[in-house]
Amino acid sequence: MSLWNIVSHMPPEEFSGLFTEFPRSLRCLLAEWLENQPWEFINGSDAFCTSMAGGMLSAMLEKLRSAASSDGQQCQILQQVNSIENAYRRDPLRLVAVLKAILEGEKAAVLKRDCHLPLSFHRRQEELKFSLGLQRLQHRVREIQALRDGPAASLQLNVRDPQLKPEAKPPESELPTLILEAMKELEAAKQQVLKRIQIWKRQQQLAGNGALFEENLAPLQKRCESLVEVYFQLHQQVTAASAELGAELLPRLLERFNEVLSSLVKSSFLVEKQPPQVLKTQTKFQASVRFLLGPQLLKTSAKPYMVRADMVTEKQARELALSAYSNALSESTGEIMHNVVALETNPTSGTCCANFKNVLLKKIKRCERKGSESVTEEKCAVLFSTTVALTPSNLSVHLQVLSLPIVVIVHGNQDNNAKATVLWDNAFSEIDRVPFVVAERVPWEKMCDTLNLKFMAEVQTTKGLLKDHYFFLAQKIFNDHSASFEDFQSRSVSWAQFNKEILPGRGFTFWQWFDGVLDLTKRCLKSYWSDRLIIGFISKQYVCKLLSTEPDGTFLLRFSDSEIGGVTIAHVIRGKDGSSQVENIQPFSAKDLSIRSLGDRIRDLGQLRNLYPNTPKDQAFGSHYNKEQTGKDGRGYVSTAIKMTVESERDQQPQSAAGGPPEAPQAQMISLPLLQPELHPESLQSVLGPIGPAAPFCPQPVPMGYPTGESNINMMVPDSLGSSFPSTSPMLSPSLVMDPVLPRCQDLAFRNPLPFMPDQYMTGEASQLLSGGPSPEPQDEEMPELAPFTSMVDPPLQSSPRMPPSMDMPPSSDFDQFLQEVSLEGPTLCPPFTPPLQRSGYPSPNASCWGLGESRWDDSVRPGHA
């Protein structure tokens with residue numbers, strides 16, 4: 001964006017004092033062209049400055065006349081152009097001063113309002129400064145040559161620079177002075193090139209965190225080549241004037257020449273494509289280095305120049321930097337395969353590169369770490385090195401360049417912490433630092449910029465984090481819920497707070513949690529975030545405050561605060577007393593959303609009506625719904641669909657009431673008599689055995705505060721079984737139900753299979769009798785597949801005694817006798833009952849005990865399968 005694009009939208013009154021000597025209308029016509037001229041860098045009144053000012057005046061008048069021909073007010077513009085020409089033709093440096101003052105005033109106004117100027121403006125100004133300096137240097141070379149060659153050369157110089165007035169031949173005593181001035185300007189131009197190379201390297205490092213990066217090295221290579229060309233011209237003039245310079249001045253000048261060339265050559269050896277900054281051993285990677293001055297300076301050799309790649313530690317990298325990369329590497333800290341590649345020049349593209357395509361880090365030698373430093377905080381780098389011969393002097397130069405810091409890992413579970421080290425180093429390191437020193441504490445404001453940059457780059461979205469998001473993140477990382485947003489802006493955050501200290505009440509660090517959100521959003525929620533359907537970074541407490549006054553059915557989406565990589569739905573429901581309550585459904589992971597998308601899950605839940613604050617859910621999420629298949633497919637099979645329900649929805653709003661398909665007939669379940677405390681579990685085997693096969697029980701805790709995310713099972717059991725228990729479970733349970741179009745049945749789509757848990761179907765008192773006391777809540781763990789489900793009732797056993805649907809509790813002695821008789825009657829109804837492991841809490845003795853939120857089944861375990 002140009003400066004005029006900003007200024008033209010600001011009130012004209014702010015610039016009224018700037019356009020007294022130059023009309024604002026002409027500034028508007030010139031617009032961006034005016035900013036692309038080096039007005040601000042013409043300082044002085046020598047022949048070169050006068051020549052440049054006169055040339056820029058002529059170019060401006062031509063530009064204005066061309067613009068006037070296409071403007072409706074041609075006559076008025078031409079009058080102003082003529083007035084400008086008459087006023088400044090004899091003194092073009094005065095025009096330079098006027099336009100410089102106008103541009104300075106415009107920059108000051110923009111800085112006052114926005115506190116910064118466009119980055120493109122800064123870059124253009126830097127290019128103008130270098131270009132003008134190079135032109136001045138070329139002019140100096142011509143002056144030196146004219147001084148040495150006499151009047152004929154002076155006449156030729158005036159032909160090349162028509163704006164220059166003929167000058168008398170300077171005395172020979174001025175030659176050393178002129179050469180010293182040219183040498184000073186050459187060194188200044190060299191510093192500009194080196195600074196530009198350092199900026200390119202820094203931008204490349206920031207690109208590792210997601211910043212925009214202009215990778216094209218062609219402009220930088222052109223700048224280096226043009227400076228080296230002037231260097232050799234000046235060097236030739238100095239060598240030719242060696243007699244006039246004397247034995248004392250000439251060696252000093254030649255030494256300075258060598259230092260300029262050496263700096264340019266060594267700095268132009270760059271890592272164009274960096275190796276991965278998190279590098280796993282036994283994994284192939286690619287990298288490439290480029291020698292910007294190679295096409296211009298490399299001497300043709302019978303054998304190609306070879307570039308070698310070696311792994312170095314932070315200590316070795318620091319030693320190399322302190323020696324200005326003049327020392328050779330003594331020992332590599334890792335074994336790298338395929339680490340030697342030829343340095344090749346491509347005449348077509350004009351590049352000189354070495355491309356490493358199949359490099360493999362076989363192993364790494366760990367160095368001693370400081371204090372509590374972990375292996376994922378240990379930084380190393382790849383050192384690329386070669387020795388080349390340069391023309392025309394046949395000078396041999398040893399080139400070395402370090403890659404960006406690398407964290408080497410040996411296992412995938414180290415990736416998360418390694419990325420934190422890389423992110424911190426990329427964001428907060430300084431230009432031209434000692435490898436690999438980085439601040440231990442940085443301003444929170446800079447951390448916010450870094451997190452936003454990383455989030456937008458990883459998710460590949462243009463919608464970044466907002467002020468409210470930063471406020472929530474600050475509360476989380478500082479563990480402070482009393483400070484204001486402005487208070488956080490003045491604080492600084494440490495590396496320990498970022499990825500060493502565990503968050504209070506959690507089992508992970510701030511970065512581990514944030515990286516989980518990044519991964520989830522990138523894989524499953526990119527479109528929802530880009531449409532601003534997810535608030536995301538907001539606390540559960542603040543959600544309750546927002547939704548407490550909203551109507552029933554209002555909901556929003558937030559990232560789980562207690563789990564890594566989860567998104568949850570918070571919604572308003574009405575309690576039995578009519579009061580408003582906010583429920584949080586157990587978070588969905590990326591694995592959950594790969595089974596059924598977030599949009600389809602929201603469509604499935606009938607109690608969700610409006611996205612906060614008041615957008616109907618179908619309007620907000622309609623474009624994210626997947627089309628449901630109906631009828632039969634091409635092979636004649638009936639199509640099926642997976643639906644998600646929540647237990648509270650199923651209990652309060654049956655599908656048949658909501659206009660959905662009719663419910664399958666409710667299966668009857670065994671009704672057990674109440675058990676007395678003096679009974680022993682081993683005496684109940686033949687009664688409780690029919691409930692399910694013997695299988696080990698795996699405890700599985702459910703995070704409190706969420707409706708459980710485990711899947712419900714609507715079990716079909718034989719009609720001969722009795723009625724079920726009433727529900728007492730306080731947890732809401734979302735489930736995925738397989739809903740075929742024809743015929744009607746219900747089945748389960750679930751995440752992790754769990755074995756059958758017989759003690760769920762006993763009363764709370766009975767579970768207390770089993771060894772170990774109450775069992776813990778089930779955990780979300782993978783379990784091995786179960787054997788196929790055995791039918792509870794086989795035809796040959798129809799004559800076996802059955803417990804009546806409603807049976808009063810007999811006396812203890814009578815009941816013992818009853819159990820004894822049952823155990824002696826014919827075949828066993830089911831395999832013996834195995835006491836479950838310890839559980840925390842009491843099981844639910846209701847209809848939901850057939851799996852609603854408490855157990856999971858393997859695919860092979862389906863009701864009705866004999």
# chains A, B, ... in the order shown; residues from 1 in each chain; ligands from 1
>>> residues_around(residues="segment 573-580 of chain A", least_positions_apart="4", cutoff="7 Å", atoms="only C-alpha atoms", output="list in words")
Ser548, Asp552 and Gly553 of chain A
>>> write_last_selection(atoms="all heavy atoms", output="PDB file, in the first residue's frame")
ATOM      1  N   SER A 548     -26.827 -17.332  30.573  1.00  0.00           N
ATOM      2  CA  SER A 548     -27.800 -17.432  31.672  1.00  0.00           C
ATOM      3  C   SER A 548     -29.077 -16.646  31.401  1.00  0.00           C
ATOM      4  O   SER A 548     -30.151 -17.006  31.886  1.00  0.00           O
ATOM      5  CB  SER A 548     -27.151 -16.960  32.980  1.00  0.00           C
ATOM      6  OG  SER A 548     -26.714 -15.611  32.847  1.00  0.00           O
ATOM      7  N   ASP A 552     -34.246 -20.606  26.011  1.00  0.00           N
ATOM      8  CA  ASP A 552     -33.980 -22.030  25.925  1.00  0.00           C
ATOM      9  C   ASP A 552     -33.554 -22.395  24.500  1.00  0.00           C
ATOM     10  O   ASP A 552     -34.134 -21.945  23.521  1.00  0.00           O
ATOM     11  CB  ASP A 552     -35.256 -22.804  26.296  1.00  0.00           C
ATOM     12  CG  ASP A 552     -34.991 -24.285  26.420  1.00  0.00           C
ATOM     13  OD1 ASP A 552     -33.814 -24.659  26.498  1.00  0.00           O
ATOM     14  OD2 ASP A 552     -35.961 -25.072  26.427  1.00  0.00           O
ATOM     15  N   GLY A 553     -32.503 -23.215  24.370  1.00  0.00           N
ATOM     16  CA  GLY A 553     -32.037 -23.648  23.061  1.00  0.00           C
ATOM     17  C   GLY A 553     -30.905 -22.825  22.500  1.00  0.00           C
ATOM     18  O   GLY A 553     -30.355 -23.164  21.448  1.00  0.00           O
TER      19      GLY A 553
END
>>> select_by_dssp(residues="segment 471-557 of chain A", states="helix (DSSP H, G or I)", output="number ranges by chain")
A: 471-478, 485-489, 495-499, 510-530, 540-547
>>> select_by_dssp(residues="segment 206-433 of chain A", states="strand (DSSP E or B)", output="PyMOL selection string")
chain A and resi 269-273+278-280+284-291+298+305-313+334-337+340-346+351-364+380-390+395-402+406-409
>>> residues_around(residues="Ala218 of chain A", least_positions_apart="4", cutoff="9 Å", atoms="only C-alpha atoms", output="PyMOL selection string")
chain A and resi 222-223+292+351
>>> atom_distance(atom1="atom CA of Ser530 of chain A", atom2="atom CA of Arg596 of chain A")
19.7 Å
>>> closest_atom_pairs(of="segment 507-594 of chain A", to="segment 621-629 of chain A", cutoff="9 Å", atoms="only C-alpha atoms", output="tab-separated table")
residue	atom	partner	partner_atom	distance
A:Ser527	CA	A:His624	CA	8.3
A:Tyr528	CA	A:His624	CA	8.0
A:Leu533	CA	A:Phe621	CA	8.1
>>> residues_around(residues="segment 333-340 of chain A", least_positions_apart="4", cutoff="12 Å", atoms="only C-alpha atoms", output="short mmCIF file (atom, residue, chain, number, x, y, z; two decimals) with N, CA, C and O atoms, in the first residue's frame")
data_model
loop_
_atom_site.label_atom_id
_atom_site.label_comp_id
_atom_site.auth_asym_id
_atom_site.auth_seq_id
_atom_site.Cartn_x
_atom_site.Cartn_y
_atom_site.Cartn_z
N THR A 281 15.00 -38.48 13.96
CA THR A 281 16.05 -39.38 13.48
C THR A 281 15.44 -40.47 12.61
O THR A 281 14.26 -40.83 12.75
N GLN A 282 16.24 -40.99 11.70
CA GLN A 282 15.83 -42.02 10.76
C GLN A 282 14.71 -41.55 9.83
O GLN A 282 13.92 -42.34 9.35
N THR A 283 14.66 -40.23 9.61
CA THR A 283 13.67 -39.67 8.70
C THR A 283 14.37 -38.83 7.64
O THR A 283 15.21 -37.99 7.96
N LYS A 284 14.03 -39.04 6.38
CA LYS A 284 14.66 -38.29 5.29
C LYS A 284 14.13 -36.86 5.26
O LYS A 284 12.98 -36.61 5.60
N PHE A 285 14.99 -35.94 4.83
CA PHE A 285 14.56 -34.54 4.69
C PHE A 285 15.31 -33.92 3.53
O PHE A 285 16.25 -34.51 2.97
N GLN A 286 14.89 -32.71 3.15
CA GLN A 286 15.49 -32.00 2.03
C GLN A 286 15.95 -30.61 2.47
O GLN A 286 15.41 -30.05 3.44
N ALA A 287 16.94 -30.08 1.76
CA ALA A 287 17.44 -28.73 2.01
C ALA A 287 18.20 -28.28 0.77
O ALA A 287 18.55 -29.09 -0.08
N SER A 288 18.42 -26.97 0.67
CA SER A 288 19.21 -26.45 -0.46
C SER A 288 19.94 -25.18 -0.03
O SER A 288 19.43 -24.40 0.77
N PRO A 304 33.57 -30.55 -9.99
CA PRO A 304 32.57 -29.66 -9.37
C PRO A 304 32.90 -29.40 -7.91
O PRO A 304 33.48 -30.25 -7.22
N TYR A 305 32.54 -28.23 -7.46
CA TYR A 305 32.70 -27.91 -6.04
C TYR A 305 31.63 -28.67 -5.25
O TYR A 305 30.46 -28.70 -5.64
N MET A 306 32.04 -29.27 -4.14
CA MET A 306 31.13 -30.10 -3.33
C MET A 306 30.77 -29.37 -2.04
O MET A 306 31.63 -28.78 -1.39
N VAL A 307 29.49 -29.45 -1.67
CA VAL A 307 28.98 -28.86 -0.43
C VAL A 307 28.68 -30.00 0.54
O VAL A 307 28.03 -30.98 0.18
N ARG A 308 29.14 -29.85 1.78
CA ARG A 308 28.97 -30.88 2.80
C ARG A 308 28.03 -30.38 3.89
O ARG A 308 28.07 -29.20 4.27
N ALA A 309 27.19 -31.28 4.39
CA ALA A 309 26.25 -30.95 5.48
C ALA A 309 26.63 -31.75 6.73
O ALA A 309 26.76 -32.98 6.66
N ASP A 310 26.82 -31.05 7.86
CA ASP A 310 27.17 -31.68 9.13
C ASP A 310 26.28 -31.12 10.24
O ASP A 310 25.89 -29.95 10.21
N MET A 311 25.99 -31.98 11.22
CA MET A 311 25.20 -31.55 12.37
C MET A 311 26.13 -30.98 13.44
O MET A 311 27.17 -31.58 13.76
N VAL A 312 25.78 -29.82 13.98
CA VAL A 312 26.59 -29.17 15.02
C VAL A 312 25.71 -28.83 16.22
O VAL A 312 24.51 -28.57 16.07
N THR A 313 26.31 -28.82 17.40
CA THR A 313 25.59 -28.44 18.61
C THR A 313 25.55 -26.93 18.73
O THR A 313 26.20 -26.19 17.97
N GLU A 314 24.81 -26.45 19.72
CA GLU A 314 24.74 -25.01 19.97
C GLU A 314 26.12 -24.45 20.34
O GLU A 314 26.48 -23.35 19.90
N LYS A 315 26.88 -25.21 21.11
CA LYS A 315 28.22 -24.76 21.49
C LYS A 315 29.13 -24.65 20.28
O LYS A 315 29.87 -23.67 20.12
N GLN A 316 29.10 -25.65 19.40
CA GLN A 316 29.91 -25.60 18.19
C GLN A 316 29.50 -24.45 17.28
O GLN A 316 30.34 -23.77 16.69
N ALA A 317 28.18 -24.21 17.17
CA ALA A 317 27.69 -23.10 16.35
C ALA A 317 28.17 -21.77 16.90
O ALA A 317 28.53 -20.86 16.13
N LEU A 329 35.08 -27.18 10.91
CA LEU A 329 34.42 -27.98 11.94
C LEU A 329 35.30 -29.16 12.32
O LEU A 329 35.81 -29.88 11.46
N ALA A 354 23.14 -25.95 -4.44
CA ALA A 354 23.38 -27.35 -4.07
C ALA A 354 22.11 -27.86 -3.41
O ALA A 354 21.70 -27.33 -2.38
N ASN A 355 21.50 -28.88 -4.02
CA ASN A 355 20.22 -29.39 -3.54
C ASN A 355 20.41 -30.74 -2.85
O ASN A 355 20.84 -31.71 -3.49
N PHE A 356 20.09 -30.78 -1.56
CA PHE A 356 20.14 -32.02 -0.79
C PHE A 356 18.74 -32.62 -0.80
O PHE A 356 17.80 -32.06 -0.22
N LYS A 357 18.59 -33.78 -1.46
CA LYS A 357 17.25 -34.32 -1.68
C LYS A 357 16.90 -35.51 -0.79
O LYS A 357 15.73 -35.71 -0.46
N ASN A 358 17.85 -36.33 -0.42
CA ASN A 358 17.54 -37.53 0.36
C ASN A 358 18.46 -37.65 1.57
O ASN A 358 19.06 -38.69 1.82
N VAL A 359 18.57 -36.56 2.31
CA VAL A 359 19.43 -36.56 3.49
C VAL A 359 18.71 -37.29 4.63
O VAL A 359 17.49 -37.15 4.79
N LEU A 360 19.47 -38.02 5.42
CA LEU A 360 18.88 -38.76 6.54
C LEU A 360 19.78 -38.63 7.76
O LEU A 360 20.98 -38.92 7.68
N LEU A 361 19.21 -38.18 8.86
CA LEU A 361 19.94 -38.11 10.13
C LEU A 361 19.83 -39.47 10.81
O LEU A 361 18.76 -39.84 11.31
N LYS A 362 20.93 -40.21 10.80
CA LYS A 362 20.88 -41.58 11.32
C LYS A 362 20.85 -41.59 12.84
O LYS A 362 20.08 -42.33 13.46
N LYS A 363 21.71 -40.78 13.47
CA LYS A 363 21.72 -40.72 14.93
C LYS A 363 22.29 -39.38 15.37
O LYS A 363 22.91 -38.66 14.58
N ILE A 364 22.07 -39.05 16.63
CA ILE A 364 22.50 -37.76 17.18
C ILE A 364 23.22 -37.99 18.50
O ILE A 364 22.84 -38.87 19.28
N LYS A 365 24.27 -37.24 18.73
CA LYS A 365 24.98 -37.29 20.01
C LYS A 365 24.46 -36.15 20.88
O LYS A 365 24.63 -34.98 20.54
N ARG A 366 23.86 -36.50 21.98
CA ARG A 366 23.33 -35.48 22.89
C ARG A 366 24.47 -34.87 23.70
O ARG A 366 25.41 -35.56 24.12
N CYS A 367 24.39 -33.56 23.91
CA CYS A 367 25.39 -32.89 24.73
C CYS A 367 24.84 -32.68 26.13
O CYS A 367 23.66 -32.93 26.39
N LYS A 379 19.02 -27.27 21.26
CA LYS A 379 19.03 -26.79 19.87
C LYS A 379 20.36 -27.12 19.20
O LYS A 379 21.42 -27.02 19.82
N CYS A 380 20.26 -27.53 17.94
CA CYS A 380 21.45 -27.75 17.13
C CYS A 380 21.18 -27.18 15.73
O CYS A 380 20.16 -26.50 15.53
N ALA A 381 22.06 -27.43 14.78
CA ALA A 381 21.88 -26.88 13.44
C ALA A 381 22.66 -27.71 12.45
O ALA A 381 23.52 -28.52 12.82
N VAL A 382 22.33 -27.52 11.17
CA VAL A 382 23.09 -28.16 10.09
C VAL A 382 24.06 -27.12 9.54
O VAL A 382 23.65 -26.01 9.18
N LEU A 383 25.34 -27.48 9.48
CA LEU A 383 26.37 -26.60 8.92
C LEU A 383 26.66 -27.03 7.48
O LEU A 383 27.07 -28.17 7.24
N PHE A 384 26.44 -26.13 6.54
CA PHE A 384 26.77 -26.37 5.13
C PHE A 384 28.09 -25.67 4.83
O PHE A 384 28.25 -24.47 5.12
N SER A 385 29.04 -26.39 4.24
CA SER A 385 30.36 -25.81 3.99
C SER A 385 30.93 -26.29 2.66
O SER A 385 30.62 -27.39 2.19
N THR A 386 31.77 -25.44 2.05
CA THR A 386 32.47 -25.76 0.81
C THR A 386 33.65 -24.80 0.65
O THR A 386 33.70 -23.75 1.31
N VAL A 408 16.16 -32.00 17.54
CA VAL A 408 16.16 -33.39 17.08
C VAL A 408 15.37 -34.23 18.07
O VAL A 408 15.62 -34.18 19.28
#
>>> closest_residue(among="A:Asp561, A:Leu18, A:Leu227, A:Asp468", to="Gln191 of chain A", atoms="only C-alpha atoms")
A:Leu227
>>> residues_around(residues="Leu34 of chain A", least_positions_apart="4", cutoff="9 Å", atoms="only C-alpha atoms", output="short mmCIF file (atom, residue, chain, number, x, y, z; two decimals) with N, CA and C atoms, in the first residue's frame")
data_model
loop_
_atom_site.label_atom_id
_atom_site.label_comp_id
_atom_site.auth_asym_id
_atom_site.auth_seq_id
_atom_site.Cartn_x
_atom_site.Cartn_y
_atom_site.Cartn_z
N ARG A 27 -0.18 16.77 -6.49
CA ARG A 27 0.22 15.64 -5.63
C ARG A 27 -0.70 14.45 -5.86
N LEU A 30 0.20 12.81 -9.21
CA LEU A 30 1.46 12.06 -9.16
C LEU A 30 1.34 10.82 -8.27
N PRO A 38 13.79 9.20 -5.26
CA PRO A 38 14.63 9.34 -4.05
C PRO A 38 14.77 10.79 -3.57
N TRP A 39 13.65 11.53 -3.43
CA TRP A 39 13.72 12.92 -2.97
C TRP A 39 14.42 13.02 -1.61
N MET A 60 9.17 14.45 -13.82
CA MET A 60 7.91 14.82 -13.20
C MET A 60 7.04 15.65 -14.14
N LEU A 99 9.35 18.96 -2.05
CA LEU A 99 8.70 17.65 -2.08
C LEU A 99 9.14 16.78 -0.90
N LEU A 103 6.46 15.01 1.79
CA LEU A 103 6.48 13.59 2.16
C LEU A 103 6.73 13.40 3.65
#
>>> atom_distance(atom1="atom CA of Cys224 of chain A", atom2="atom CA of Lys190 of chain A")
8.6 Å
>>> atom_distance(atom1="atom CA of Ser639 of chain A", atom2="atom CA of Gln586 of chain A")
28.7 Å
